[in-house]
Amino acid sequence: MSIVSGLRYLCLWAAVGLLSACASVAVPSGPAPELLRDDLFKPSSSPISAEAVFALSPAMRDYVDHEIAYRIRSRGAREALLDSLYTKGQLQLDYDSEVTRTAAQAFEQRRGNCLSLVIMTAAFAKHLNLPVRFHSVFVDEFWSRRGDMYFQTGHVNMALAARRSEINATSLQELEMMTVDFLPGVDLRGQRRRLIEEHTVIAMFMNNRAAESLAQGAVDDAYWWVRASLQADPRMLSAYNTLGVVYRRRGELDLAKASFQAVLSLEPENVQAMSNLVLVLEASGQSQAAASLSARLRDLQPYPPYKFFDEGVLAMQRGDYQQAKALFERELARSAFFHEFHFWAALANYGLGDVKAAHKHMALALENSSTEREKQLYTAKMDSLRSRKHIFH
């Protein structure tokens with residue numbers, strides 16, 4: 001998840017920064033000591049442990065012993081695991097992006113985002129001695145917003161092999177991997193991805209927790225989470241971006257600037273770090289430098305996230321539903337599965353008297369909602385629409 005702050009955007013995890021392949025570019029071997037200022041922050045309100053991310057709870061071990069073990073003889077360990085976790089009528093896991101959960105938390109609560117579900121499944125797989133690989137998947141840009149913070153979200157999945165002992169010795173594909181993806185409708189055949197290590201998955205988890213803490217206003221907790229992320233994988237540039245946002249929220253503008261510049265030294269066209277650096281330069285009174293960087297940013301990103309959506313909301317407030325509909329459609333053209341855009345498109349169509357189109361977009365808003373709270377909201381709106389009541393409030 002990546003974060004951008006203010007009325008631009010700030011980026012935390014899923015958009016993991018890809019390092020330059022040029023031999024002349026130095027990549028970080030550890031978090032830059034000068035960028036870590038523990039003395040500026042109160043202790044974390046909760047324990048932070050890399051070991052806890054994949055740790056099995058007693059309930060998970062009991063599930064292995066009683067729900068998975070009896071299937072292994074007939075199905076093999078890999079198929080037994082996947083059947084037990086994801087076959088209808090078993091755990092009935094729900095996709096929920098509100099918080100990034102450890103393996104034990106995802107199992108206990110029966111819900112998680114793609115990263116949480118990957119972590120939980122991998123924890124079981126490792127316990128069963130199944131070879132695991134993790135992938136960062138290249139997907140179209142996807143943004144969401146909480147208050148004045150914008151989040152760019154990416155995607156991870158995993159691949160599992162069967163146990164070596166369960167593979168036919170004459171098989172030429174001894175370690176054939178089965179890709180497991182937790183987003184519905186994903187075309188695995190055309191998927192572009194890169195292999196990542198377990199420590200990077202842990203860093204992603206920590207960085208997500210930092211972003212979530214920032215969204216809740218818990219700046220001190222956010223610092224300790226992102227610090228742990230950088231310790232897990234110093235090469236994850238999105239964590240340096242998160243660190244800069246933390247410092248900006250704390251009012252430490254010089255440290256924020258240094259954090260964003262650390263990203264730009266390796267990725268000179270990283271728009272998330274660039275956008276955040278513009279905010280820092282403006283807050284520091286460096287208006288000329290901010291204007292120059294803003295001009296460069298506009299060249300790289302002429303239509304920032306939510307631009308058409310925000311203009312559409314203004315059109316709705318003016319009662320110009322036709323213009324609002326056109327603007328929401330432009331936003332959907334580059335983010336087809338974001339629930340909030342479909343919700344507002346439903347409102348615009350309803351304002352135009354097109355109840356059929358309003359119903360279609362409301363159904364898509366419900367289908368693509370990613371938290372239980374959103375599902376409840378859109379279900380209520382759907383009920384209102386069916387009864388032809390007003391749905392704007």
# chains A, B, ... in the order shown; residues from 1 in each chain; ligands from 1

$ residues_around --residues "Phe343 in chain A" --least-positions-apart "6" --cutoff "9 Å" --atoms "only C-alpha atoms" --output "PDB file with N, CA and C atoms, in the first residue's frame"
ATOM      1  N   ALA A 358     -28.896   3.048 -12.564  1.00  0.00           N
ATOM      2  CA  ALA A 358     -28.583   3.276 -11.150  1.00  0.00           C
ATOM      3  C   ALA A 358     -28.483   1.943 -10.414  1.00  0.00           C
ATOM      4  N   HIS A 361     -25.155   0.107 -11.336  1.00  0.00           N
ATOM      5  CA  HIS A 361     -23.965   0.627 -10.664  1.00  0.00           C
ATOM      6  C   HIS A 361     -24.012   0.362  -9.152  1.00  0.00           C
ATOM      7  N   MET A 362     -25.189   0.399  -8.559  1.00  0.00           N
ATOM      8  CA  MET A 362     -25.289   0.100  -7.140  1.00  0.00           C
ATOM      9  C   MET A 362     -24.925  -1.360  -6.875  1.00  0.00           C
ATOM     10  N   ALA A 363     -25.367  -2.248  -7.763  1.00  0.00           N
ATOM     11  CA  ALA A 363     -25.012  -3.661  -7.629  1.00  0.00           C
ATOM     12  C   ALA A 363     -23.503  -3.855  -7.758  1.00  0.00           C
ATOM     13  N   LEU A 364     -22.869  -3.101  -8.666  1.00  0.00           N
ATOM     14  CA  LEU A 364     -21.417  -3.196  -8.824  1.00  0.00           C
ATOM     15  C   LEU A 364     -20.692  -2.605  -7.623  1.00  0.00           C
ATOM     16  N   ALA A 365     -21.260  -1.565  -7.028  1.00  0.00           N
ATOM     17  CA  ALA A 365     -20.669  -1.004  -5.809  1.00  0.00           C
ATOM     18  C   ALA A 365     -20.679  -2.049  -4.707  1.00  0.00           C
ATOM     19  N   LEU A 366     -21.787  -2.754  -4.557  1.00  0.00           N
ATOM     20  CA  LEU A 366     -21.887  -3.807  -3.545  1.00  0.00           C
ATOM     21  C   LEU A 366     -20.939  -4.953  -3.854  1.00  0.00           C
ATOM     22  N   TYR A 378     -24.026  -0.410   1.152  1.00  0.00           N
ATOM     23  CA  TYR A 378     -24.553  -0.568  -0.194  1.00  0.00           C
ATOM     24  C   TYR A 378     -25.768  -1.493  -0.223  1.00  0.00           C
TER      25      TYR A 378
END

$ atom_distance --atom1 "CA of Leu377 in chain A" --atom2 "CA of Ser97 in chain A"
15.5 Å

$ closest_atom_pairs --of "range 198-298 of chain A" --to "range 49-53 of chain A" --cutoff "12 Å" --atoms "only C-alpha atoms" --output "Markdown table"
| residue | atom | partner | partner_atom | distance |
| --- | --- | --- | --- | --- |
| A:Glu198 | CA | A:Val53 | CA | 10.5 |
| A:His199 | CA | A:Ala50 | CA | 8.8 |
| A:Thr200 | CA | A:Ala50 | CA | 11.0 |
| A:Val201 | CA | A:Val53 | CA | 9.4 |
| A:Ile202 | CA | A:Ala50 | CA | 6.6 |
| A:Ala203 | CA | A:Ala50 | CA | 8.6 |
| A:Met204 | CA | A:Val53 | CA | 10.8 |
| A:Phe205 | CA | A:Val53 | CA | 7.8 |
| A:Met206 | CA | A:Ala50 | CA | 8.3 |
| A:Asn207 | CA | A:Ala50 | CA | 11.9 |
| A:Arg209 | CA | A:Val53 | CA | 11.5 |
| A:Trp224 | CA | A:Ser49 | CA | 10.8 |
| A:Trp225 | CA | A:Ser49 | CA | 9.6 |
| A:Arg227 | CA | A:Ser49 | CA | 11.7 |
| A:Ala228 | CA | A:Ala50 | CA | 8.0 |
| A:Ser229 | CA | A:Ala50 | CA | 9.0 |
| A:Leu230 | CA | A:Ala50 | CA | 11.7 |
| A:Gln231 | CA | A:Ala50 | CA | 9.8 |
| A:Ala232 | CA | A:Ala50 | CA | 7.9 |
| A:Asp233 | CA | A:Ala50 | CA | 11.4 |

$ atom_distance --atom1 "CA of Ala106 in chain A" --atom2 "CA of Phe41 in chain A"
29.0 Å

$ residues_around --residues "range 332-336 of chain A" --least-positions-apart "2" --cutoff "12 Å" --atoms "only C-alpha atoms" --output "ChimeraX atom specification"
/A:139-144,152-153,303-309,312,325-330,338-345,361,364-365,368

$ write_last_selection --atoms "N, CA, C and O atoms" --output "short mmCIF file (atom, residue, chain, number, x, y, z; two decimals), in the first residue's frame"
data_model
loop_
_atom_site.label_atom_id
_atom_site.label_comp_id
_atom_site.auth_asym_id
_atom_site.auth_seq_id
_atom_site.Cartn_x
_atom_site.Cartn_y
_atom_site.Cartn_z
N VAL A 139 -0.46 -4.89 -11.56
CA VAL A 139 -1.86 -4.60 -11.87
C VAL A 139 -1.99 -3.13 -12.21
O VAL A 139 -1.09 -2.32 -11.95
N ASP A 140 -3.13 -2.77 -12.80
CA ASP A 140 -3.39 -1.37 -13.08
C ASP A 140 -3.46 -0.58 -11.77
O ASP A 140 -3.83 -1.12 -10.73
N GLU A 141 -3.11 0.70 -11.83
CA GLU A 141 -3.16 1.54 -10.65
C GLU A 141 -4.54 1.52 -10.03
O GLU A 141 -5.55 1.66 -10.71
N PHE A 142 -4.57 1.32 -8.73
CA PHE A 142 -5.84 1.34 -8.00
C PHE A 142 -5.68 2.21 -6.76
O PHE A 142 -4.79 1.98 -5.94
N TRP A 143 -6.53 3.23 -6.66
CA TRP A 143 -6.43 4.19 -5.57
C TRP A 143 -7.69 4.16 -4.73
O TRP A 143 -8.80 3.95 -5.23
N SER A 144 -7.51 4.40 -3.43
CA SER A 144 -8.64 4.63 -2.54
C SER A 144 -8.29 5.83 -1.66
O SER A 144 -7.14 6.29 -1.66
N GLN A 152 -2.48 3.96 -2.72
CA GLN A 152 -2.32 3.18 -3.94
C GLN A 152 -2.10 1.73 -3.53
O GLN A 152 -1.20 1.43 -2.74
N THR A 153 -2.92 0.85 -4.05
CA THR A 153 -2.89 -0.54 -3.61
C THR A 153 -2.47 -1.45 -4.75
O THR A 153 -2.92 -1.30 -5.88
N TYR A 303 -3.46 13.66 -14.97
CA TYR A 303 -4.77 13.46 -14.34
C TYR A 303 -4.58 12.67 -13.05
O TYR A 303 -4.63 11.44 -13.06
N PRO A 304 -4.38 13.35 -11.93
CA PRO A 304 -4.14 12.66 -10.66
C PRO A 304 -5.33 11.81 -10.24
O PRO A 304 -6.45 11.98 -10.75
N PRO A 305 -5.11 10.86 -9.34
CA PRO A 305 -6.22 10.05 -8.82
C PRO A 305 -7.35 10.91 -8.28
O PRO A 305 -7.11 11.96 -7.67
N TYR A 306 -8.57 10.49 -8.53
CA TYR A 306 -9.79 11.13 -8.03
C TYR A 306 -10.10 12.48 -8.69
O TYR A 306 -11.06 13.13 -8.32
N LYS A 307 -9.33 12.90 -9.69
CA LYS A 307 -9.58 14.20 -10.32
C LYS A 307 -11.00 14.26 -10.89
O LYS A 307 -11.76 15.19 -10.59
N PHE A 308 -11.36 13.29 -11.73
CA PHE A 308 -12.68 13.30 -12.35
C PHE A 308 -13.78 13.03 -11.32
O PHE A 308 -14.88 13.58 -11.42
N PHE A 309 -13.48 12.20 -10.33
CA PHE A 309 -14.45 11.91 -9.29
C PHE A 309 -14.80 13.18 -8.51
O PHE A 309 -15.98 13.49 -8.30
N GLY A 312 -16.86 15.36 -10.47
CA GLY A 312 -18.20 14.81 -10.57
C GLY A 312 -19.04 15.10 -9.35
O GLY A 312 -20.24 15.41 -9.45
N LYS A 325 -22.41 12.32 -14.37
CA LYS A 325 -22.35 10.97 -14.94
C LYS A 325 -21.15 10.81 -15.85
O LYS A 325 -20.41 9.81 -15.77
N ALA A 326 -20.91 11.80 -16.72
CA ALA A 326 -19.78 11.73 -17.65
C ALA A 326 -18.45 11.69 -16.91
O ALA A 326 -17.54 10.95 -17.28
N LEU A 327 -18.34 12.47 -15.83
CA LEU A 327 -17.09 12.51 -15.06
C LEU A 327 -16.86 11.21 -14.30
O LEU A 327 -15.74 10.69 -14.25
N PHE A 328 -17.92 10.66 -13.72
CA PHE A 328 -17.76 9.39 -13.01
C PHE A 328 -17.39 8.27 -13.99
O PHE A 328 -16.61 7.37 -13.65
N GLU A 329 -17.94 8.33 -15.19
CA GLU A 329 -17.59 7.33 -16.19
C GLU A 329 -16.12 7.43 -16.59
O GLU A 329 -15.47 6.42 -16.87
N ARG A 330 -15.59 8.66 -16.63
CA ARG A 330 -14.16 8.82 -16.93
C ARG A 330 -13.30 8.21 -15.82
O ARG A 330 -12.27 7.60 -16.10
N PHE A 338 -13.80 0.03 -8.62
CA PHE A 338 -13.78 0.72 -7.33
C PHE A 338 -15.20 1.06 -6.92
O PHE A 338 -15.93 1.75 -7.64
N HIS A 339 -15.59 0.56 -5.76
CA HIS A 339 -16.99 0.65 -5.32
C HIS A 339 -17.50 2.09 -5.22
O HIS A 339 -18.65 2.38 -5.59
N GLU A 340 -16.69 3.03 -4.71
CA GLU A 340 -17.17 4.39 -4.49
C GLU A 340 -17.54 5.07 -5.81
O GLU A 340 -18.52 5.83 -5.88
N PHE A 341 -16.78 4.80 -6.87
CA PHE A 341 -17.08 5.40 -8.17
C PHE A 341 -18.41 4.87 -8.71
O PHE A 341 -19.21 5.61 -9.29
N HIS A 342 -18.65 3.57 -8.53
CA HIS A 342 -19.92 2.99 -8.98
C HIS A 342 -21.09 3.54 -8.15
O HIS A 342 -22.17 3.80 -8.69
N PHE A 343 -20.87 3.75 -6.86
CA PHE A 343 -21.93 4.28 -6.02
C PHE A 343 -22.37 5.66 -6.51
O PHE A 343 -23.57 5.95 -6.66
N TRP A 344 -21.40 6.53 -6.78
CA TRP A 344 -21.75 7.89 -7.23
C TRP A 344 -22.30 7.89 -8.65
O TRP A 344 -23.14 8.72 -9.00
N ALA A 345 -21.83 6.96 -9.48
CA ALA A 345 -22.43 6.82 -10.81
C ALA A 345 -23.90 6.41 -10.69
O ALA A 345 -24.75 6.86 -11.47
N HIS A 361 -25.15 0.11 -11.34
CA HIS A 361 -23.96 0.63 -10.66
C HIS A 361 -24.01 0.36 -9.15
O HIS A 361 -22.97 0.10 -8.54
N LEU A 364 -22.87 -3.10 -8.67
CA LEU A 364 -21.42 -3.20 -8.82
C LEU A 364 -20.69 -2.60 -7.62
O LEU A 364 -19.63 -3.08 -7.24
N ALA A 365 -21.26 -1.56 -7.03
CA ALA A 365 -20.67 -1.00 -5.81
C ALA A 365 -20.68 -2.05 -4.71
O ALA A 365 -19.69 -2.24 -3.99
N ASN A 368 -18.17 -4.94 -5.46
CA ASN A 368 -16.75 -4.60 -5.35
C ASN A 368 -16.37 -3.98 -4.00
O ASN A 368 -15.23 -3.58 -3.82
#

$ closest_residue --among "A:Tyr86, A:Ala324, A:Ala123, A:Asn241" --to "Asp310 in chain A" --atoms "only C-alpha atoms"
A:Ala324

$ residues_around --residues "Glu252 in chain A" --least-positions-apart "5" --cutoff "12 Å" --atoms "only C-alpha atoms" --output "number ranges by chain"
A: 35-37, 40-41, 243-247, 257-259, 280, 283-284

$ residues_around --residues "Asp221 in chain A" --least-positions-apart "5" --cutoff "7 Å" --atoms "only C-alpha atoms" --output "JSON, numbers by chain"
{"A": [44, 45, 213]}

$ atom_distance --atom1 "CA of Glu372 in chain A" --atom2 "CA of Ser384 in chain A"
18.6 Å

$ select_by_dssp --residues "range 273-326 of chain A" --states "helix (DSSP H, G or I)" --output "number ranges by chain"
A: 273-283, 287-300, 307-318, 321-326
